[in-house]
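Visitor: Structure supplied as input.pdb; contents: PDB, C-alpha atoms, pLDDT in the B column.
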MODEL        1
ATOM      1  CA  MET S  21     -32.600  16.347 -42.711  1.00 68.00           C
ATOM      2  CA  LYS S  22     -32.417  19.809 -41.161  1.00 75.00           C
ATOM      3  CA  GLY S  23     -34.466  18.568 -38.219  1.00 82.00           C
ATOM      4  CA  LYS S  24     -31.946  15.809 -37.549  1.00 81.00           C
ATOM      5  CA  ILE S  25     -29.056  18.274 -37.608  1.00 80.00           C
ATOM      6  CA  LYS S  26     -30.922  20.517 -35.171  1.00 81.00           C
ATOM      7  CA  ILE S  27     -31.593  17.614 -32.784  1.00 80.00           C
ATOM      8  CA  THR S  28     -27.927  16.531 -32.940  1.00 81.00           C
ATOM      9  CA  ALA S  29     -26.792  20.089 -32.268  1.00 79.00           C
ATOM     10  CA  VAL S  30     -29.146  20.401 -29.298  1.00 78.00           C
ATOM     11  CA  LEU S  31     -27.957  17.062 -27.878  1.00 78.00           C
ATOM     12  CA  LEU S  32     -24.302  18.017 -28.293  1.00 79.00           C
ATOM     13  CA  GLY S  33     -24.991  21.368 -26.622  1.00 75.00           C
ATOM     14  CA  ALA S  34     -26.728  19.644 -23.720  1.00 72.00           C
ATOM     15  CA  LEU S  35     -23.810  17.225 -23.329  1.00 72.00           C
ATOM     16  CA  PHE S  36     -21.358  20.130 -23.320  1.00 72.00           C
ATOM     17  CA  LEU S  37     -23.373  21.967 -20.666  1.00 72.00           C
ATOM     18  CA  LEU S  38     -23.559  18.782 -18.582  1.00 68.00           C
ATOM     19  CA  ALA S  39     -19.785  18.335 -18.802  1.00 68.00           C
ATOM     20  CA  VAL S  40     -19.258  21.969 -17.747  1.00 64.00           C
ATOM     21  CA  ALA S  41     -21.669  21.545 -14.817  1.00 65.00           C
ATOM     22  CA  ILE S  42     -19.904  18.360 -13.653  1.00 63.00           C
ATOM     23  CA  GLN S  43     -16.517  20.088 -13.886  1.00 65.00           C
ATOM     24  CA  ALA S  44     -17.808  23.072 -11.904  1.00 66.00           C
ATOM     25  CA  GLU S  45     -19.222  20.773  -9.218  1.00 73.00           C
ATOM     26  CA  SER S  46     -15.865  19.013  -8.959  1.00 80.00           C
ATOM     27  CA  VAL S  47     -14.060  22.343  -8.516  1.00 88.00           C
ATOM     28  CA  GLU S  48     -16.551  23.412  -5.824  1.00 89.00           C
ATOM     29  CA  LEU S  49     -16.071  20.106  -4.011  1.00 91.00           C
ATOM     30  CA  LYS S  50     -12.288  20.509  -4.010  1.00 94.00           C
ATOM     31  CA  GLU S  51     -12.603  24.049  -2.673  1.00 93.00           C
ATOM     32  CA  ARG S  52     -14.825  22.871   0.169  1.00 95.00           C
ATOM     33  CA  PHE S  53     -12.341  20.089   1.043  1.00 94.00           C
ATOM     34  CA  LEU S  54      -9.502  22.608   1.101  1.00 94.00           C
ATOM     35  CA  GLN S  55     -11.480  25.058   3.265  1.00 94.00           C
ATOM     36  CA  ARG S  56     -12.263  22.404   5.880  1.00 94.00           C
ATOM     37  CA  LYS S  57      -8.813  20.806   5.849  1.00 93.00           C
ATOM     38  CA  PRO S  58      -7.125  22.999   8.525  1.00 93.00           C
ATOM     39  CA  MET S  59     -10.028  22.589  10.970  1.00 93.00           C
ATOM     40  CA  LEU S  60     -10.149  18.839  10.444  1.00 94.00           C
ATOM     41  CA  GLU S  61      -6.383  18.490  10.829  1.00 94.00           C
ATOM     42  CA  GLN S  62      -6.645  20.263  14.177  1.00 94.00           C
ATOM     43  CA  MET S  63      -9.474  17.996  15.265  1.00 95.00           C
ATOM     44  CA  LYS S  64      -7.315  15.012  14.348  1.00 96.00           C
ATOM     45  CA  ASN S  65      -4.312  16.465  16.181  1.00 95.00           C
ATOM     46  CA  LEU S  66      -6.478  16.958  19.259  1.00 95.00           C
ATOM     47  CA  GLU S  67      -7.619  13.320  18.914  1.00 95.00           C
ATOM     48  CA  TRP S  68     -11.270  14.345  18.669  1.00 96.00           C
ATOM     49  CA  VAL S  69     -11.826  12.593  15.360  1.00 96.00           C
ATOM     50  CA  GLY S  70     -10.327   9.609  13.600  1.00 96.00           C
ATOM     51  CA  GLU S  71     -10.409   8.098  10.142  1.00 97.00           C
ATOM     52  CA  ASN S  72     -12.403   4.887   9.870  1.00 97.00           C
ATOM     53  CA  ASN S  73     -11.698   1.982   7.499  1.00 97.00           C
ATOM     54  CA  LEU S  74     -14.371   3.131   5.018  1.00 97.00           C
ATOM     55  CA  GLY S  75     -12.755   6.489   4.313  1.00 96.00           C
ATOM     56  CA  PHE S  76     -14.935   8.598   6.620  1.00 97.00           C
ATOM     57  CA  LEU S  77     -14.339  10.727   9.707  1.00 97.00           C
ATOM     58  CA  VAL S  78     -15.811   9.752  13.055  1.00 97.00           C
ATOM     59  CA  PHE S  79     -15.747  11.339  16.494  1.00 96.00           C
ATOM     60  CA  ARG S  80     -13.640   9.319  18.937  1.00 94.00           C
ATOM     61  CA  GLY S  81     -15.780  10.311  21.906  1.00 91.00           C
ATOM     62  CA  GLU S  82     -17.747  13.237  23.250  1.00 91.00           C
ATOM     63  CA  THR S  83     -14.770  15.597  23.450  1.00 91.00           C
ATOM     64  CA  GLY S  84     -14.873  18.340  20.852  1.00 89.00           C
ATOM     65  CA  LYS S  85     -18.349  17.370  19.744  1.00 92.00           C
ATOM     66  CA  SER S  86     -19.647  20.911  19.471  1.00 93.00           C
ATOM     67  CA  GLU S  87     -22.474  21.776  17.101  1.00 94.00           C
ATOM     68  CA  GLU S  88     -20.073  23.532  14.753  1.00 94.00           C
ATOM     69  CA  ASN S  89     -17.601  20.644  14.703  1.00 95.00           C
ATOM     70  CA  ILE S  90     -20.361  18.102  14.094  1.00 97.00           C
ATOM     71  CA  LEU S  91     -21.505  20.123  11.091  1.00 97.00           C
ATOM     72  CA  ILE S  92     -17.950  20.305   9.718  1.00 96.00           C
ATOM     73  CA  VAL S  93     -17.465  16.535  10.034  1.00 97.00           C
ATOM     74  CA  GLN S  94     -20.885  15.830   8.539  1.00 97.00           C
ATOM     75  CA  ALA S  95     -20.203  18.132   5.587  1.00 97.00           C
ATOM     76  CA  GLU S  96     -16.804  16.505   5.020  1.00 97.00           C
ATOM     77  CA  ASN S  97     -18.316  13.015   5.064  1.00 97.00           C
ATOM     78  CA  GLU S  98     -21.126  14.055   2.714  1.00 97.00           C
ATOM     79  CA  ASP S  99     -18.637  15.445   0.201  1.00 96.00           C
ATOM     80  CA  ARG S 100     -16.414  12.370   0.520  1.00 97.00           C
ATOM     81  CA  LYS S 101     -19.466  10.182  -0.117  1.00 97.00           C
ATOM     82  CA  THR S 102     -20.214  12.176  -3.266  1.00 96.00           C
ATOM     83  CA  VAL S 103     -16.665  11.700  -4.582  1.00 96.00           C
ATOM     84  CA  TYR S 104     -16.605   7.982  -3.725  1.00 97.00           C
ATOM     85  CA  GLY S 105     -19.997   7.568  -5.376  1.00 97.00           C
ATOM     86  CA  GLU S 106     -18.902   9.272  -8.573  1.00 96.00           C
ATOM     87  CA  ILE S 107     -15.757   7.132  -8.776  1.00 96.00           C
ATOM     88  CA  ALA S 108     -17.775   3.976  -8.026  1.00 96.00           C
ATOM     89  CA  ILE S 109     -20.165   4.747 -10.901  1.00 96.00           C
ATOM     90  CA  LYS S 110     -17.278   5.563 -13.252  1.00 95.00           C
ATOM     91  CA  ILE S 111     -15.420   2.316 -12.485  1.00 93.00           C
ATOM     92  CA  ASN S 112     -18.573   0.239 -11.985  1.00 93.00           C
ATOM     93  CA  THR S 113     -17.762  -0.871  -8.470  1.00 95.00           C
ATOM     94  CA  LYS S 114     -19.206  -0.507  -4.977  1.00 95.00           C
ATOM     95  CA  ILE S 115     -18.932   2.770  -3.060  1.00 96.00           C
ATOM     96  CA  GLU S 116     -17.562   0.791  -0.074  1.00 96.00           C
ATOM     97  CA  GLU S 117     -14.651  -0.431  -2.179  1.00 95.00           C
ATOM     98  CA  VAL S 118     -13.737   3.141  -3.107  1.00 96.00           C
ATOM     99  CA  GLY S 119     -14.022   4.180   0.543  1.00 97.00           C
ATOM    100  CA  LYS S 120     -11.765   1.341   1.646  1.00 96.00           C
ATOM    101  CA  ARG S 121      -9.100   2.291  -0.912  1.00 96.00           C
ATOM    102  CA  ARG S 122      -9.293   5.922   0.230  1.00 97.00           C
ATOM    103  CA  ALA S 123      -8.959   4.775   3.848  1.00 97.00           C
ATOM    104  CA  ALA S 124      -5.728   3.000   2.870  1.00 96.00           C
ATOM    105  CA  GLN S 125      -4.419   6.200   1.248  1.00 95.00           C
ATOM    106  CA  ILE S 126      -5.408   8.271   4.293  1.00 95.00           C
ATOM    107  CA  THR S 127      -3.600   5.794   6.554  1.00 95.00           C
ATOM    108  CA  ALA S 128      -0.418   6.195   4.525  1.00 93.00           C
ATOM    109  CA  LEU S 129      -0.672   9.995   4.592  1.00 92.00           C
ATOM    110  CA  ALA S 130      -1.769  10.360   8.233  1.00 94.00           C
ATOM    111  CA  ALA S 131       0.399  12.238  10.701  1.00 93.00           C
ATOM    112  CA  VAL S 132       1.872  10.560  13.759  1.00 93.00           C
ATOM    113  CA  GLY S 133      -0.655  10.447  16.603  1.00 94.00           C
ATOM    114  CA  HIS S 134      -3.760  10.506  14.409  1.00 96.00           C
ATOM    115  CA  TRP S 135      -6.422   7.899  15.154  1.00 96.00           C
ATOM    116  CA  LEU S 136      -7.031   5.312  12.440  1.00 97.00           C
ATOM    117  CA  GLN S 137      -9.136   2.185  12.111  1.00 96.00           C
ATOM    118  CA  ASP S 138      -7.569  -0.975  10.702  1.00 95.00           C
ATOM    119  CA  GLU S 139      -9.288  -3.361   8.264  1.00 92.00           C
ATOM    120  CA  VAL S 140     -10.652  -5.498  11.111  1.00 94.00           C
ATOM    121  CA  GLY S 141     -12.157  -2.478  12.854  1.00 94.00           C
ATOM    122  CA  ASN S 142      -9.644  -1.889  15.656  1.00 95.00           C
ATOM    123  CA  TRP S 143      -8.673   1.699  16.436  1.00 96.00           C
ATOM    124  CA  TYR S 144      -5.019   2.657  16.844  1.00 96.00           C
ATOM    125  CA  GLN S 145      -2.842   5.741  16.862  1.00 95.00           C
ATOM    126  CA  LYS S 146      -0.327   6.118  14.054  1.00 93.00           C
ATOM    127  CA  LYS S 147       3.160   5.625  15.396  1.00 88.00           C
ATOM    128  CA  GLN S 148       6.493   7.070  14.390  1.00 80.00           C
ATOM    129  CA  PRO S 149       7.998   4.851  11.680  1.00 77.00           C
ATOM    130  CA  ALA S 150      10.847   2.712  12.959  1.00 74.00           C
ATOM    131  CA  PRO S 151      14.324   4.046  12.044  1.00 74.00           C
ATOM    132  CA  LEU S 152      16.112   2.130   9.282  1.00 69.00           C
TER     133      LEU S 152
ATOM    134  CA  MET M  17      -4.915 -59.039 -42.706  1.00 71.00           C
ATOM    135  CA  GLY M  18      -2.312 -56.571 -41.530  1.00 80.00           C
ATOM    136  CA  LYS M  19      -4.694 -53.673 -42.242  1.00 83.00           C
ATOM    137  CA  LYS M  20      -7.427 -55.291 -40.191  1.00 86.00           C
ATOM    138  CA  ILE M  21      -5.154 -55.708 -37.174  1.00 86.00           C
ATOM    139  CA  PHE M  22      -3.941 -52.175 -37.576  1.00 85.00           C
ATOM    140  CA  LEU M  23      -7.546 -50.880 -37.615  1.00 84.00           C
ATOM    141  CA  LEU M  24      -8.487 -53.038 -34.623  1.00 87.00           C
ATOM    142  CA  VAL M  25      -5.622 -51.540 -32.633  1.00 86.00           C
ATOM    143  CA  VAL M  26      -5.881 -47.953 -33.821  1.00 87.00           C
ATOM    144  CA  ALA M  27      -9.697 -47.582 -33.740  1.00 86.00           C
ATOM    145  CA  PRO M  28     -10.077 -48.137 -29.958  1.00 85.00           C
ATOM    146  CA  VAL M  29      -7.167 -45.815 -29.298  1.00 85.00           C
ATOM    147  CA  LEU M  30      -8.770 -43.103 -31.444  1.00 86.00           C
ATOM    148  CA  LEU M  31     -12.141 -43.621 -29.739  1.00 85.00           C
ATOM    149  CA  VAL M  32     -10.605 -43.314 -26.285  1.00 83.00           C
ATOM    150  CA  THR M  33      -8.658 -40.165 -27.157  1.00 81.00           C
ATOM    151  CA  ALA M  34     -11.757 -38.630 -28.739  1.00 83.00           C
ATOM    152  CA  CYS M  35     -13.593 -39.016 -25.443  1.00 81.00           C
ATOM    153  CA  ILE M  36     -10.950 -37.186 -23.407  1.00 82.00           C
ATOM    154  CA  LYS M  37     -12.321 -33.891 -22.103  1.00 76.00           C
ATOM    155  CA  ILE M  38     -10.041 -30.997 -21.396  1.00 76.00           C
ATOM    156  CA  LYS M  39     -11.258 -28.766 -18.609  1.00 76.00           C
ATOM    157  CA  HIS M  40     -10.016 -25.175 -18.610  1.00 71.00           C
ATOM    158  CA  GLU M  41      -9.529 -23.578 -15.226  1.00 71.00           C
ATOM    159  CA  MET M  42     -10.018 -19.793 -15.278  1.00 66.00           C
ATOM    160  CA  THR M  43      -9.626 -19.045 -11.594  1.00 67.00           C
ATOM    161  CA  ILE M  44      -6.907 -16.453 -12.159  1.00 66.00           C
ATOM    162  CA  GLN M  45      -9.239 -14.071 -13.984  1.00 68.00           C
ATOM    163  CA  PRO M  46     -11.174 -12.701 -10.945  1.00 69.00           C
ATOM    164  CA  VAL M  47      -7.885 -11.891  -9.188  1.00 72.00           C
ATOM    165  CA  HIS M  48      -6.776  -9.894 -12.220  1.00 73.00           C
ATOM    166  CA  ILE M  49     -10.090  -8.052 -12.309  1.00 75.00           C
ATOM    167  CA  THR M  50      -9.902  -7.201  -8.588  1.00 78.00           C
ATOM    168  CA  VAL M  51      -6.370  -5.853  -8.900  1.00 82.00           C
ATOM    169  CA  ASP M  52      -7.321  -3.897 -12.014  1.00 88.00           C
ATOM    170  CA  VAL M  53     -10.323  -2.331 -10.219  1.00 89.00           C
ATOM    171  CA  ARG M  54      -8.162  -1.425  -7.214  1.00 92.00           C
ATOM    172  CA  ILE M  55      -5.571   0.222  -9.450  1.00 94.00           C
ATOM    173  CA  ARG M  56      -8.261   2.191 -11.231  1.00 94.00           C
ATOM    174  CA  ILE M  57      -9.869   3.275  -7.928  1.00 96.00           C
ATOM    175  CA  ASP M  58      -6.476   4.369  -6.563  1.00 95.00           C
ATOM    176  CA  ARG M  59      -5.746   6.315  -9.741  1.00 95.00           C
ATOM    177  CA  GLU M  60      -9.107   8.110  -9.641  1.00 95.00           C
ATOM    178  CA  LEU M  61      -8.739   8.915  -5.933  1.00 96.00           C
ATOM    179  CA  GLU M  62      -5.200  10.203  -6.415  1.00 95.00           C
ATOM    180  CA  THR M  63      -6.319  12.368  -9.320  1.00 94.00           C
ATOM    181  CA  PHE M  64      -9.096  13.952  -7.273  1.00 94.00           C
ATOM    182  CA  PHE M  65      -7.399  14.264  -3.884  1.00 94.00           C
ATOM    183  CA  ALA M  66      -3.833  15.050  -5.052  1.00 92.00           C
ATOM    184  CA  ASP M  67      -4.127  18.827  -4.543  1.00 89.00           C
ATOM    185  CA  ILE M  68      -6.061  18.443  -1.298  1.00 90.00           C
ATOM    186  CA  ASP M  69      -3.574  15.962   0.212  1.00 91.00           C
ATOM    187  CA  LYS M  70      -0.602  18.121  -0.800  1.00 87.00           C
ATOM    188  CA  ALA M  71      -2.218  21.243   0.633  1.00 79.00           C
ATOM    189  CA  ALA M  72      -2.755  19.537   3.975  1.00 60.00           C
ATOM    190  CA  VAL M  73       0.834  19.898   5.115  1.00 57.00           C
ATOM    191  CA  ALA M  74       1.062  23.570   4.188  1.00 54.00           C
ATOM    192  CA  THR M  75      -2.246  24.561   5.754  1.00 51.00           C
ATOM    193  CA  GLU M  76      -1.445  22.614   8.909  1.00 52.00           C
ATOM    194  CA  LYS M  77       1.537  24.874   9.555  1.00 50.00           C
ATOM    195  CA  ASP M  78      -0.310  28.085   8.632  1.00 52.00           C
ATOM    196  CA  ASN M  79      -3.333  27.478  10.772  1.00 46.00           C
ATOM    197  CA  THR M  80      -2.092  26.696  14.249  1.00 46.00           C
ATOM    198  CA  GLN M  81      -4.289  29.512  15.539  1.00 52.00           C
ATOM    199  CA  LYS M  82      -7.362  27.516  14.509  1.00 51.00           C
ATOM    200  CA  LYS M  83      -6.647  25.186  17.400  1.00 49.00           C
ATOM    201  CA  GLU M  84      -7.457  27.971  19.858  1.00 53.00           C
ATOM    202  CA  GLU M  85     -10.602  28.756  17.891  1.00 57.00           C
ATOM    203  CA  LEU M  86     -11.831  25.187  18.186  1.00 55.00           C
ATOM    204  CA  GLN M  87     -11.120  24.970  21.890  1.00 56.00           C
TER     205      GLN M  87
ENDMDL
END
With the file now loaded, output its structure as structure tokens.
Guide:
Amino acid sequence: MKGKIKITAVLLGALFLLAVAIQAESVELKERFLQRKPMLEQMKNLEWVGENNLGFLVFRGETGKSEENILIVQAENEDRKTVYGEIAIKINTKIEEVGKRRAAQITALAAVGHWLQDEVGNWYQKKQPAPL
Amino acid sequence: MGKKIFLLVVAPVLLVTACIKIKHEMTIQPVHITVDVRIRIDRELETFFADIDKAAVATEKDNTQKKEELQ
């Protein structure tokens, strides 16, 4: 009987530690996104990078493709992939589906002039919304 | 005699109706599931990225000097 209680306690403790670790990872991820945000916004403003239809950043050409910038974009995409993957597992869907939904959100939030990819795969620059 | 006629008329009718198959079409279900999944994905994404997306506008204004750094 005591053995069973001990095992249950150990399992509960392990679950608690796992939950804490997951939470900490999520906080770290958010911090990294926030740190990179200003640099990425500038790269988008300069039309060096665009947002594709799977929720990832891609270089539009060779301009601005410095070693440092490549690393920033790669790190951003890696972290995005982690988030999409976690959501996909949680909801029991494909990672591509999550990416596509995020791409739609990014499109809605994007600033005028930023490069975006539509569902078919065509690239376009976000335009000023037409006046009502 | 009347009962016999009644049975002769009713029995075939009952047999025919007993053989009628009703087919249920459930084609609406996958659409519901797709929409439900999309809503759940959107909710999860919004929960995670809410702070990051909100911060974007503020940091954009505060970090114009980063542009020079990049160039």
Visitor: Using only C-alpha atoms, which residues sit within 12 Å of Lys70 in chain M once same-chain residues fewer than 6 positions away are excluded, as a list in words?
Guide: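 The filter keeps Leu54, Lys57, Leu129 and Ala130 of chain S; Glu62, Thr63, Phe64 and Glu76 of chain M.
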Visitor: In Å to one decimal, how far is CA of Leu74 in chain S from CA of Asp67 in chain M?
Guide: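 Separation of CA of Asp67 in chain M and CA of Leu74 in chain S: 21.0 Å.
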Visitor: How close does chain S get to chain M? List, as a tab-separated table, each residue of chain S within 10 Å, its nearest atom pair and the distance in Å to one decimal, counting only C-alpha atoms.
Guide:
residue	atom	partner	partner_atom	distance
S:Ser46	CA	M:Phe64	CA	8.6
S:Val47	CA	M:Phe64	CA	9.8
S:Leu49	CA	M:Phe64	CA	9.9
S:Lys50	CA	M:Ile68	CA	7.1
S:Glu51	CA	M:Ile68	CA	8.7
S:Arg52	CA	M:Ile68	CA	9.9
S:Phe53	CA	M:Ile68	CA	6.9
S:Leu54	CA	M:Ile68	CA	5.9
S:Gln55	CA	M:Thr75	CA	9.6
S:Lys57	CA	M:Ala72	CA	6.5
S:Pro58	CA	M:Glu76	CA	5.7
S:Met59	CA	M:Lys82	CA	6.6
S:Leu60	CA	M:Glu76	CA	9.6
S:Glu61	CA	M:Glu76	CA	6.7
S:Gln62	CA	M:Lys83	CA	5.9
S:Met63	CA	M:Lys83	CA	8.0
S:Asn65	CA	M:Lys83	CA	9.1
S:Leu66	CA	M:Lys83	CA	8.4
S:Gly84	CA	M:Gln87	CA	7.7
S:Ser86	CA	M:Leu86	CA	9.0
S:Glu88	CA	M:Leu86	CA	9.1
S:Asn89	CA	M:Leu86	CA	8.1
S:Val103	CA	M:Phe64	CA	8.3
S:Tyr104	CA	M:Leu61	CA	8.2
S:Glu106	CA	M:Glu60	CA	9.9
S:Ile107	CA	M:Glu60	CA	6.8
S:Ala108	CA	M:Ile57	CA	7.9
S:Lys110	CA	M:Glu60	CA	9.3
S:Ile111	CA	M:Ile57	CA	7.2
S:Asn112	CA	M:Val53	CA	8.8
S:Thr113	CA	M:Val53	CA	7.8
S:Glu117	CA	M:Arg54	CA	8.3
S:Val118	CA	M:Ile57	CA	6.2
S:Gly119	CA	M:Ile57	CA	9.5
S:Lys120	CA	M:Ile57	CA	9.9
S:Arg121	CA	M:Asp58	CA	6.6
S:Arg122	CA	M:Leu61	CA	6.9
S:Ala124	CA	M:Asp58	CA	9.6
S:Gln125	CA	M:Asp58	CA	8.3
S:Ile126	CA	M:Asp69	CA	8.9
S:Leu129	CA	M:Asp69	CA	8.0
S:Ala130	CA	M:Asp69	CA	9.9
S:Ala131	CA	M:Val73	CA	9.5
Visitor: With only C-alpha atoms as the counted atoms, please give the residues lying no more than 12 Å from Asp138 in chain S, apart from itself and same-chain residues fewer than 6 positions off, as a CSV table (one decimal) with C-alpha atoms, keeping the file's coordinate frame.
Guide:
chain,number,residue,atom,x,y,z
S,70,GLY,CA,-10.3,9.6,13.6
S,71,GLU,CA,-10.4,8.1,10.1
S,72,ASN,CA,-12.4,4.9,9.9
S,73,ASN,CA,-11.7,2.0,7.5
S,74,LEU,CA,-14.4,3.1,5.0
S,75,GLY,CA,-12.8,6.5,4.3
S,120,LYS,CA,-11.8,1.3,1.6
S,123,ALA,CA,-9.0,4.8,3.8
S,124,ALA,CA,-5.7,3.0,2.9
S,126,ILE,CA,-5.4,8.3,4.3
S,127,THR,CA,-3.6,5.8,6.6
S,128,ALA,CA,-0.4,6.2,4.5
S,144,TYR,CA,-5.0,2.7,16.8
S,145,GLN,CA,-2.8,5.7,16.9
S,146,LYS,CA,-0.3,6.1,14.1
Visitor: Can you measure CA of His134 in chain S to CA of Glu67 in chain S for me? One decimal in Å is fine.
Guide: 6.6 Å
Visitor: Rank nothing, just name the residue among S:Gln148, S:Gly141, S:Asp99, S:Lys114 nearest to Glu45 in chain S, using all atoms listed in the file.
Guide: S:Asp99
Visitor: So the first atom is CA of Val132 in chain S and the second is CA of Lys147 in chain S; what is the distance between them in Å, to one decimal place?
Guide: 5.4 Å
